[in-house]
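Structure, as structure tokens:
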Number of protein chains: 2
Amino acid sequence: MARHDHRLHEGEALRDAARERLTDQGEQWTGMRAAVFDALASFDKPASAYDVAEAASKAEGRRIAANSVYRILDLFVGANLARRVESANAYVANKHPECLHDCIFLICDSCGQTVHVDDDALSASIRKAAAEAGFSAPRPVIEVRGTCGECERSAG
Amino acid sequence: MARHDHRLHEGEALRDAARERLTDQGEQWTGMRAAVFDALASFDKPASAYDVAEAASKAEGRRIAANSVYRILDLFVGANLARRVESANAYVANKHPECLHDCIFLICDSCGQTVHVDDDALSASIRKAAAEAGFSAPRPVIEVRGTCGECERSAG
DNA sequence: CCCAATCGCGTTACAATATATCATCGGAGC
DNA sequence: GCTCCGATGATATATTGTAACGCGATTGGG
């Protein structure tokens, strides 16, 4: 079972944790990066880079190009501040950037809502299967497309 | 451990199995679909829809539009003749279209080579985790990005 | 036989996602 | 001040994916 002793950050605290994490890696926490992080964190579901660019542009009152957002999102993913949801071509902020986990995304095909689960035993099994096939340095991508409980009830 | 009692089809046999499977579903096996299937099966790694379109065009000696390829690939995925590799925006032919499996792809970031593993116990665990979170009708996407043994050895 | 309905496919246009390239700007260190 | 370098801007382009509409072949009913 997944056990999380760490804190789930929100709002200011999340932003602070992100800044700290990034600067610890020797990277700068610039206004631009803060704006992109805030924009990403403001979504309650995975957002495409273009969605983030639009939200950040609105918040900043000036145009922020998608291409800058891509650069920064890539940096964030590398620093564990954000995750990419491969099957949705989208990104989510990582609520606990200080811990490394393989994570499992459950994505509702109906409403887009995405929940994030950690199961270290499960991801260990997957890494093990990969290792047995001769694969190294694996980065598991575990995503489940389906229908969330809420949509299930409302749609029958 | 994954046990496969079914046959792995190749070449003609694979094509026949695909045709049979598709017609069993009440769909037609047209020349166009055969061409797309052959083109897809001719790749030894995941191929984008555009790659398939190009290969099919070459094989047929006439232009086959990507758009048609998308339609047909979607049909194939629905009929279990092909799989989509989400993290690569690409498709692979399914070598045993008659059995339903959640499958695990191991994708080499270096050479693109992709191996396919079935582990019913593992996918059952993932489905179980999804069910516990209230998700239904799940379609697991399990992919592992890493480096294959061969690239590992040659690149250090 | 003819008509209508359906299906597969073509064609064009377009939207969404992602990367490449080069210019510029501004701070850190000398 | 000057230089270097990382961050960002601007522009262009590549790649991936959909939408809309029409044509032609097939099929089933009259």
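Letters A, B, ... mark the chains of the structure tokens in the order given; residue numbers begin at 1 per chain; ligand numbers begin at 1, in order shown.
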
With a cut-off of 9 Å, could you pull out the residues of chain A touching chain D and give me the nearest pair of atoms for each, distance in Å to one decimal, using only C-alpha atoms (C1' of nucleotides), ordered by chain and ascending number, as JSON lines?
```
{"residue": "A:Thr30", "atom": "CA", "partner": "D:DA7", "partner_atom": "C1'", "distance": 8.6}
{"residue": "A:Met32", "atom": "CA", "partner": "D:DT8", "partner_atom": "C1'", "distance": 8.6}
{"residue": "A:Ile64", "atom": "CA", "partner": "D:DG9", "partner_atom": "C1'", "distance": 8.9}
{"residue": "A:Ala65", "atom": "CA", "partner": "D:DG9", "partner_atom": "C1'", "distance": 8.1}
{"residue": "A:Ser68", "atom": "CA", "partner": "D:DT8", "partner_atom": "C1'", "distance": 7.2}
```

Self-check item: Picked from segment 7-120 of chain A by DSSP as helix (DSSP H, G or I), as a PyMOL selection string
Solution: chain A and resi 11-24+31-41+49-60+66-78+86-88+120

I'd like the contact shell of Ser110 of chain B - 12 Å cut-off, only C-alpha atoms (C1' of nucleotides), skipping same-chain residues fewer than 6 positions apart - returned as a CSV table (one decimal) with all heavy atoms, in the first residue's frame.
```csv
chain,number,residue,atom,x,y,z
A,135,PHE,N,16.2,-4.3,-20.0
A,135,PHE,CA,16.1,-2.9,-20.0
A,135,PHE,C,16.6,-2.3,-18.8
A,135,PHE,O,16.4,-2.7,-17.7
A,135,PHE,CB,14.6,-2.5,-20.2
A,135,PHE,CG,14.2,-2.3,-21.6
A,135,PHE,CD1,14.2,-3.4,-22.5
A,135,PHE,CD2,13.9,-1.1,-22.2
A,135,PHE,CE1,13.9,-3.3,-23.8
A,135,PHE,CE2,13.6,-1.0,-23.5
A,135,PHE,CZ,13.5,-2.1,-24.3
A,136,SER,N,17.4,-1.2,-19.0
A,136,SER,CA,17.9,-0.5,-17.8
A,136,SER,C,17.4,1.0,-17.8
A,136,SER,O,16.9,1.5,-18.7
A,136,SER,CB,19.4,-0.5,-17.9
A,136,SER,OG,19.8,0.2,-19.1
A,137,ALA,N,17.7,1.6,-16.6
A,137,ALA,CA,17.3,3.0,-16.4
A,137,ALA,C,15.9,3.3,-16.8
A,137,ALA,O,15.6,4.2,-17.6
A,137,ALA,CB,18.3,3.9,-17.2
B,145,ARG,N,9.9,3.5,-20.6
B,145,ARG,CA,11.0,4.1,-21.4
B,145,ARG,C,12.3,3.8,-20.7
B,145,ARG,O,12.4,3.9,-19.5
B,145,ARG,CB,10.8,5.6,-21.5
B,145,ARG,CG,9.4,6.1,-21.8
B,145,ARG,CD,9.0,5.7,-23.2
B,145,ARG,NE,10.0,6.0,-24.2
B,145,ARG,CZ,9.7,6.6,-25.3
B,145,ARG,NH1,8.4,6.9,-25.6
B,145,ARG,NH2,10.6,6.8,-26.2
B,146,GLY,N,13.3,3.3,-21.5
B,146,GLY,CA,14.6,3.0,-20.9
B,146,GLY,C,15.6,2.8,-22.0
B,146,GLY,O,15.4,3.3,-23.1
B,147,THR,N,16.5,1.9,-21.7
B,147,THR,CA,17.5,1.6,-22.7
B,147,THR,C,17.6,0.1,-22.8
B,147,THR,O,17.7,-0.6,-21.8
B,147,THR,CB,18.9,2.1,-22.2
B,147,THR,OG1,18.8,3.5,-21.9
B,147,THR,CG2,19.9,2.0,-23.3
B,148,CYS,N,17.6,-0.4,-24.0
B,148,CYS,CA,17.6,-1.9,-24.2
B,148,CYS,C,19.0,-2.4,-24.0
B,148,CYS,O,20.0,-1.6,-24.0
B,148,CYS,CB,17.1,-2.2,-25.6
B,148,CYS,SG,18.2,-1.8,-26.9
B,149,GLY,N,19.1,-3.7,-23.7
B,149,GLY,CA,20.4,-4.3,-23.4
B,149,GLY,C,21.4,-4.0,-24.5
B,149,GLY,O,22.6,-3.7,-24.2
B,150,GLU,N,21.0,-4.1,-25.7
B,150,GLU,CA,22.0,-3.9,-26.8
B,150,GLU,C,22.6,-2.5,-26.8
B,150,GLU,O,23.8,-2.3,-26.9
B,150,GLU,CB,21.3,-4.2,-28.1
B,150,GLU,CG,22.2,-4.4,-29.3
B,150,GLU,CD,21.5,-5.0,-30.5
B,150,GLU,OE1,20.4,-5.6,-30.3
B,150,GLU,OE2,21.9,-4.8,-31.6
B,151,CYS,N,21.7,-1.5,-26.7
B,151,CYS,CA,22.2,-0.1,-26.7
B,151,CYS,C,23.1,0.1,-25.4
B,151,CYS,O,24.0,0.9,-25.5
B,151,CYS,CB,21.0,0.9,-26.7
B,151,CYS,SG,20.2,0.9,-28.3
B,152,GLU,N,22.6,-0.5,-24.4
B,152,GLU,CA,23.4,-0.3,-23.1
B,152,GLU,C,24.8,-0.8,-23.3
B,152,GLU,O,25.8,-0.1,-22.9
B,152,GLU,CB,22.7,-1.2,-22.0
B,152,GLU,CG,23.2,-1.0,-20.7
B,152,GLU,CD,22.9,0.4,-20.2
B,152,GLU,OE1,21.9,1.0,-20.8
B,152,GLU,OE2,23.5,0.8,-19.2
B,153,ARG,N,25.0,-1.9,-23.9
B,153,ARG,CA,26.3,-2.5,-24.1
B,153,ARG,C,27.1,-1.6,-25.1
B,153,ARG,O,28.3,-1.3,-24.9
B,153,ARG,CB,26.3,-3.9,-24.7
B,153,ARG,CG,26.1,-4.9,-23.6
B,153,ARG,CD,26.2,-6.3,-24.1
B,153,ARG,NE,25.2,-6.6,-25.1
B,153,ARG,CZ,23.9,-7.0,-24.8
B,153,ARG,NH1,23.6,-7.1,-23.5
B,153,ARG,NH2,23.0,-7.3,-25.7
B,154,SER,N,26.5,-1.2,-26.2
B,154,SER,CA,27.3,-0.5,-27.2
B,154,SER,C,27.6,0.9,-26.8
B,154,SER,O,28.6,1.5,-27.3
B,154,SER,CB,26.5,-0.5,-28.6
B,154,SER,OG,25.3,0.2,-28.5
B,155,ALA,N,26.7,1.5,-26.0
B,155,ALA,CA,26.9,2.9,-25.6
B,155,ALA,C,27.6,3.1,-24.3
B,155,ALA,O,28.1,4.2,-23.9
B,155,ALA,CB,25.6,3.7,-25.6
```

Practice problem: From a DSSP pass on the backbone, collect the residues of segment 43-115 of chain A flagged as strand (DSSP E or B) and hand them back as a VMD selection string. | Solution: chain A and resid 47 82 to 85 90 to 93 104 to 108 114 to 115

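Relative to atom CA of Glu20 of chain A, atom CA of Ser57 of chain A is found at 24.2 Å.
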
Quiz item: Once you count only C-alpha atoms (C1' of nucleotides), which residues of chain B turn out to be within 12 Å of chain C? Could you give them as an NGL selection string?
Solution: :B and (27-33 or 63-72 or 89)

For the residues selected in the previous step, produce a file with all heavy atoms as a compact mmCIF listing (two decimals), in the first residue's frame.
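Saved result, again_24.txt, follows:
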```txt
# COMPACT_ATOMS: atom_id res chain seq x y z
N GLU B 27 -16.59 -6.35 -39.89
CA GLU B 27 -15.97 -5.29 -40.68
C GLU B 27 -15.42 -5.90 -41.97
O GLU B 27 -15.16 -7.09 -42.04
CB GLU B 27 -14.83 -4.64 -39.90
CG GLU B 27 -15.25 -3.99 -38.60
CD GLU B 27 -15.93 -2.64 -38.82
OE1 GLU B 27 -15.98 -2.19 -39.98
OE2 GLU B 27 -16.42 -2.06 -37.83
N GLN B 28 -15.20 -5.04 -42.94
CA GLN B 28 -14.68 -5.54 -44.21
C GLN B 28 -13.16 -5.56 -44.22
O GLN B 28 -12.51 -4.73 -43.60
CB GLN B 28 -15.16 -4.64 -45.36
CG GLN B 28 -16.67 -4.56 -45.47
CD GLN B 28 -17.10 -3.58 -46.55
OE1 GLN B 28 -16.37 -3.36 -47.52
NE2 GLN B 28 -18.27 -3.01 -46.39
N TRP B 29 -12.61 -6.51 -44.94
CA TRP B 29 -11.17 -6.57 -45.15
C TRP B 29 -10.91 -6.09 -46.57
O TRP B 29 -10.96 -6.87 -47.53
CB TRP B 29 -10.64 -7.99 -44.95
CG TRP B 29 -9.15 -8.10 -45.11
CD1 TRP B 29 -8.48 -8.61 -46.18
CD2 TRP B 29 -8.16 -7.73 -44.16
NE1 TRP B 29 -7.14 -8.56 -45.95
CE2 TRP B 29 -6.89 -8.02 -44.71
CE3 TRP B 29 -8.21 -7.16 -42.88
CZ2 TRP B 29 -5.70 -7.78 -44.05
CZ3 TRP B 29 -7.02 -6.92 -42.21
CH2 TRP B 29 -5.77 -7.23 -42.80
N THR B 30 -10.67 -4.82 -46.71
CA THR B 30 -10.52 -4.23 -48.05
C THR B 30 -9.05 -4.21 -48.46
O THR B 30 -8.16 -4.43 -47.64
CB THR B 30 -11.04 -2.79 -48.04
OG1 THR B 30 -10.19 -2.02 -47.20
CG2 THR B 30 -12.45 -2.71 -47.53
N GLY B 31 -8.82 -3.91 -49.70
CA GLY B 31 -7.44 -3.81 -50.20
C GLY B 31 -6.68 -2.73 -49.45
O GLY B 31 -5.51 -2.89 -49.09
N MET B 32 -7.37 -1.65 -49.22
CA MET B 32 -6.79 -0.53 -48.49
C MET B 32 -6.36 -0.98 -47.08
O MET B 32 -5.25 -0.68 -46.62
CB MET B 32 -7.84 0.56 -48.40
CG MET B 32 -7.40 1.80 -47.71
SD MET B 32 -6.26 2.75 -48.74
CE MET B 32 -5.73 3.94 -47.54
N ARG B 33 -7.24 -1.69 -46.41
CA ARG B 33 -6.93 -2.11 -45.04
C ARG B 33 -5.80 -3.12 -45.04
O ARG B 33 -4.93 -3.09 -44.16
CB ARG B 33 -8.20 -2.67 -44.39
CG ARG B 33 -9.20 -1.57 -44.13
CD ARG B 33 -10.53 -2.01 -43.58
NE ARG B 33 -11.39 -0.82 -43.47
CZ ARG B 33 -12.62 -0.83 -43.01
NH1 ARG B 33 -13.18 -1.97 -42.60
NH2 ARG B 33 -13.31 0.29 -42.94
N ARG B 63 -0.54 7.58 -53.87
CA ARG B 63 -0.58 8.32 -52.62
C ARG B 63 -1.71 7.84 -51.72
O ARG B 63 -2.86 7.76 -52.12
CB ARG B 63 -0.79 9.81 -52.93
CG ARG B 63 -0.95 10.66 -51.70
CD ARG B 63 -1.35 12.08 -52.11
NE ARG B 63 -2.39 12.60 -51.24
CZ ARG B 63 -2.11 13.24 -50.11
NH1 ARG B 63 -0.87 13.43 -49.73
NH2 ARG B 63 -3.10 13.71 -49.36
N ILE B 64 -1.33 7.50 -50.48
CA ILE B 64 -2.33 7.13 -49.48
C ILE B 64 -2.27 8.19 -48.39
O ILE B 64 -1.22 8.38 -47.77
CB ILE B 64 -2.07 5.73 -48.93
CG1 ILE B 64 -2.32 4.71 -50.06
CG2 ILE B 64 -2.94 5.44 -47.74
CD1 ILE B 64 -2.19 3.29 -49.62
N ALA B 65 -3.37 8.87 -48.18
CA ALA B 65 -3.36 10.01 -47.27
C ALA B 65 -3.32 9.57 -45.81
O ALA B 65 -3.93 8.57 -45.42
CB ALA B 65 -4.59 10.87 -47.52
N ALA B 66 -2.59 10.35 -45.03
CA ALA B 66 -2.46 10.06 -43.61
C ALA B 66 -3.82 9.92 -42.95
O ALA B 66 -4.03 9.06 -42.09
CB ALA B 66 -1.68 11.18 -42.93
N ASN B 67 -4.70 10.75 -43.39
CA ASN B 67 -6.04 10.77 -42.86
C ASN B 67 -6.74 9.40 -42.96
O ASN B 67 -7.33 8.93 -41.99
CB ASN B 67 -6.75 11.82 -43.72
CG ASN B 67 -8.19 11.92 -43.45
OD1 ASN B 67 -8.78 10.99 -42.96
ND2 ASN B 67 -8.75 13.05 -43.80
N SER B 68 -6.60 8.76 -44.09
CA SER B 68 -7.18 7.42 -44.26
C SER B 68 -6.49 6.43 -43.34
O SER B 68 -7.13 5.54 -42.77
CB SER B 68 -7.00 6.97 -45.71
OG SER B 68 -7.68 7.84 -46.57
N VAL B 69 -5.19 6.61 -43.21
CA VAL B 69 -4.43 5.70 -42.37
C VAL B 69 -4.91 5.81 -40.92
O VAL B 69 -5.07 4.80 -40.23
CB VAL B 69 -2.92 6.00 -42.48
CG1 VAL B 69 -2.13 5.20 -41.46
CG2 VAL B 69 -2.44 5.70 -43.89
N TYR B 70 -5.16 7.04 -40.49
CA TYR B 70 -5.67 7.22 -39.12
C TYR B 70 -6.98 6.47 -38.91
O TYR B 70 -7.17 5.78 -37.92
CB TYR B 70 -5.90 8.70 -38.83
CG TYR B 70 -4.68 9.38 -38.28
CD1 TYR B 70 -3.96 10.27 -39.05
CD2 TYR B 70 -4.24 9.12 -36.99
CE1 TYR B 70 -2.83 10.89 -38.55
CE2 TYR B 70 -3.11 9.74 -36.48
CZ TYR B 70 -2.41 10.61 -37.27
OH TYR B 70 -1.29 11.22 -36.78
N ARG B 71 -7.87 6.63 -39.86
CA ARG B 71 -9.17 5.95 -39.74
C ARG B 71 -8.96 4.45 -39.58
O ARG B 71 -9.56 3.80 -38.72
CB ARG B 71 -10.01 6.22 -40.99
CG ARG B 71 -10.77 7.52 -40.94
CD ARG B 71 -11.84 7.57 -42.02
NE ARG B 71 -11.26 7.55 -43.36
CZ ARG B 71 -11.41 8.53 -44.25
NH1 ARG B 71 -12.11 9.61 -43.96
NH2 ARG B 71 -10.87 8.45 -45.44
N ILE B 72 -8.10 3.91 -40.42
CA ILE B 72 -7.92 2.47 -40.44
C ILE B 72 -7.17 2.00 -39.19
O ILE B 72 -7.51 0.98 -38.60
CB ILE B 72 -7.22 2.05 -41.74
CG1 ILE B 72 -8.17 2.32 -42.91
CG2 ILE B 72 -6.82 0.59 -41.69
CD1 ILE B 72 -7.57 2.09 -44.28
N ASN B 89 3.51 8.20 -29.60
CA ASN B 89 2.57 8.58 -30.66
C ASN B 89 2.77 7.66 -31.86
O ASN B 89 2.96 8.14 -32.98
CB ASN B 89 2.78 10.03 -31.07
CG ASN B 89 2.47 10.99 -29.96
OD1 ASN B 89 1.60 10.72 -29.13
ND2 ASN B 89 3.20 12.07 -29.89
```

Practice problem: Name all residues at most 6 Å from Ala82 of chain B (count only C-alpha atoms (C1' of nucleotides); drop same-chain ones fewer than 5 positions away) and give them as number ranges by chain. | Solution: B: 76-77, 92-94

Limited to N, CA and C atoms, could you put the picked residues into a file as a short mmCIF file (atom, residue, chain, number, x, y, z; two decimals), in the first residue's frame?
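Saved the output as again16.cif:
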```
data_model
loop_
_atom_site.label_atom_id
_atom_site.label_comp_id
_atom_site.auth_asym_id
_atom_site.auth_seq_id
_atom_site.Cartn_x
_atom_site.Cartn_y
_atom_site.Cartn_z
N PHE B 76 -8.27 -0.67 -36.44
CA PHE B 76 -7.42 -1.78 -36.04
C PHE B 76 -7.24 -1.83 -34.52
N VAL B 77 -7.01 -0.69 -33.93
CA VAL B 77 -6.83 -0.67 -32.48
C VAL B 77 -8.10 -1.16 -31.80
N VAL B 92 1.87 -0.25 -33.31
CA VAL B 92 2.51 -1.52 -33.66
C VAL B 92 1.43 -2.53 -33.99
N ALA B 93 1.75 -3.45 -34.89
CA ALA B 93 0.84 -4.54 -35.20
C ALA B 93 0.81 -5.49 -34.00
N ASN B 94 -0.34 -6.04 -33.74
CA ASN B 94 -0.47 -7.02 -32.66
C ASN B 94 -0.25 -8.40 -33.25
#
```

Practice problem: Select residues of chain A: the criterion is any atom within 9 Å of an atom of chain B, counting only C-alpha atoms; output as number ranges by chain. | Solution: A: 85-89, 104, 106-108, 115, 117, 119, 122, 125-127, 129-130, 133-150, 152

Quiz item: Residues at most 12 Å from segment 58-62 of chain B, counting only C-alpha atoms (C1' of nucleotides), excluding those fewer than 6 positions away in the same chain, as number ranges by chain?
Solution: B: 31-40, 42, 51-52

Self-check item: Atomic separation - atom CA of Lys45 of chain A relative to atom CA of Cys103 of chain A, Å
Solution: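 Computing the Euclidean distance for atom CA of Cys103 of chain A and atom CA of Lys45 of chain A yields 15.6 Å.
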
Practice problem: Please indicate the distance in Å from atom CA of Pro97 of chain B to atom CA of Ala18 of chain B, rounded to one decimal place. | Solution: 6.5 Å
